[in-house]
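Worksheet for the structure shown next.
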Amino acid sequence: MEDQKLNDADVEDQSDDLDDVVPVDANNVRFEMTAWDLRMLFGQLMPISEGRGQVDWHTDVTIPWAQAKLMHLYLGMNLTLYERENGKITIPVSVMPSPLSAPPEGVDTSNAEAIETFHAVQSIVKAFRESQLQGK
């Protein structure tokens, strides 16, 4: 008999398995990287006092990099579809990422690859900011 590999696409929709899933709200996410995985910590901003808040981290999800890359694709597709149907999602200025003017502390500025990576990230942040602030 020929060995068969089971792909995710071949797995039947098992909606009954979702009965045990516990829904949670998260309005904050923190990312941590390792060589093997992307760790995402989800939490809820909880008010404490004097108009300040603290994030209550409640869910920790770790995925391999290949899955993170596919997630990037599917999140982008879903955002595009949502915005086509509902209009542009606006990001409040108070949570807009700041422009990156210099590499963060600890980056070896004598390392050409580190500087190239910084410039790539800097360009991504700049393009995001410009797309959000366009028309305001």
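Residues in the structure tokens are numbered from 1 in each chain, the chains being A, B, ... in the order shown, and ligands are numbered from 1 in the order shown.
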
DSSP-assigned strand (DSSP E) members of region 3-92 of chain A, reported as number ranges by chain:
A: 28-33, 37-47, 53-64

Calculated over only C-alpha atoms, which of the candidates A:Asn28, A:Asn86, A:Asn78, A:Ser101 has the smallest distance to His58 (chain A)?
A:Asn28

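Neighbours of Ala102 (chain A) closer than or equal to 10 Å, with only C-alpha atoms counted and sequence neighbours fewer than 5 positions away skipped, come out as Val107, Thr109, Ile115, Phe118, His119 and Gln122 of chain A.
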
Expected file contents, prior selection, N, CA and C atoms, as a compact mmCIF listing (two decimals), in the first residue's frame:
```
# COMPACT_ATOMS: atom_id res chain seq x y z
N VAL A 107 21.73 47.28 18.87
CA VAL A 107 21.99 46.86 17.50
C VAL A 107 23.43 47.23 17.15
N THR A 109 25.79 48.61 15.07
CA THR A 109 25.76 49.50 13.91
C THR A 109 26.97 49.34 12.99
N ILE A 115 22.24 46.77 9.87
CA ILE A 115 21.78 48.07 9.38
C ILE A 115 20.79 47.89 8.23
N PHE A 118 17.55 46.90 9.76
CA PHE A 118 16.92 48.07 10.37
C PHE A 118 16.23 48.92 9.31
N HIS A 119 16.92 49.16 8.18
CA HIS A 119 16.34 49.99 7.12
C HIS A 119 15.09 49.32 6.52
N GLN A 122 12.41 49.86 9.07
CA GLN A 122 12.10 51.29 9.04
C GLN A 122 11.17 51.62 7.86
```

Find the residues around Ser98 (chain A) up to 9 Å (only C-alpha atoms counted), leave out those fewer than 5 positions away in its own chain, and share them as a PyMOL selection string.
chain A and resi 125-126+129

Take the residues from that selection and write them out as a tab-separated table (two decimals), in the first residue's frame, keeping N, CA and C atoms.
```tsv
chain	number	residue	atom	x	y	z
A	125	VAL	N	7.55	50.33	8.56
A	125	VAL	CA	6.84	51.21	9.49
A	125	VAL	C	6.45	52.51	8.79
A	126	LYS	N	7.36	53.07	7.99
A	126	LYS	CA	7.07	54.32	7.28
A	126	LYS	C	5.90	54.14	6.32
A	129	ARG	N	2.63	53.86	8.31
A	129	ARG	CA	2.22	55.18	8.82
A	129	ARG	C	1.65	56.04	7.71
```

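Rounded to one decimal, CA of Glu83 (chain A) and CA of Met96 (chain A) lie 18.5 Å from each other.
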
Long-range neighbours of Thr34 (chain A) as a list of chain:residue names, 12 Å cut-off, only C-alpha atoms, 6 positions minimum in chain
A:Met40, A:Thr62, A:Ile63, A:Pro64, A:Trp65

Those selected residues, please, written with C-alpha atoms and delivered as a PDB file, in the first residue's frame.
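out_7.pdb was written with the following content:
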```pdb
ATOM      1  CA  MET A  40       2.270  35.566  20.627  1.00  0.00           C
ATOM      2  CA  THR A  62       3.404  29.640  19.792  1.00  0.00           C
ATOM      3  CA  ILE A  63       3.526  28.806  16.088  1.00  0.00           C
ATOM      4  CA  PRO A  64       6.336  27.755  13.727  1.00  0.00           C
ATOM      5  CA  TRP A  65       7.696  30.361  11.304  1.00  0.00           C
TER       6      TRP A  65
END
```
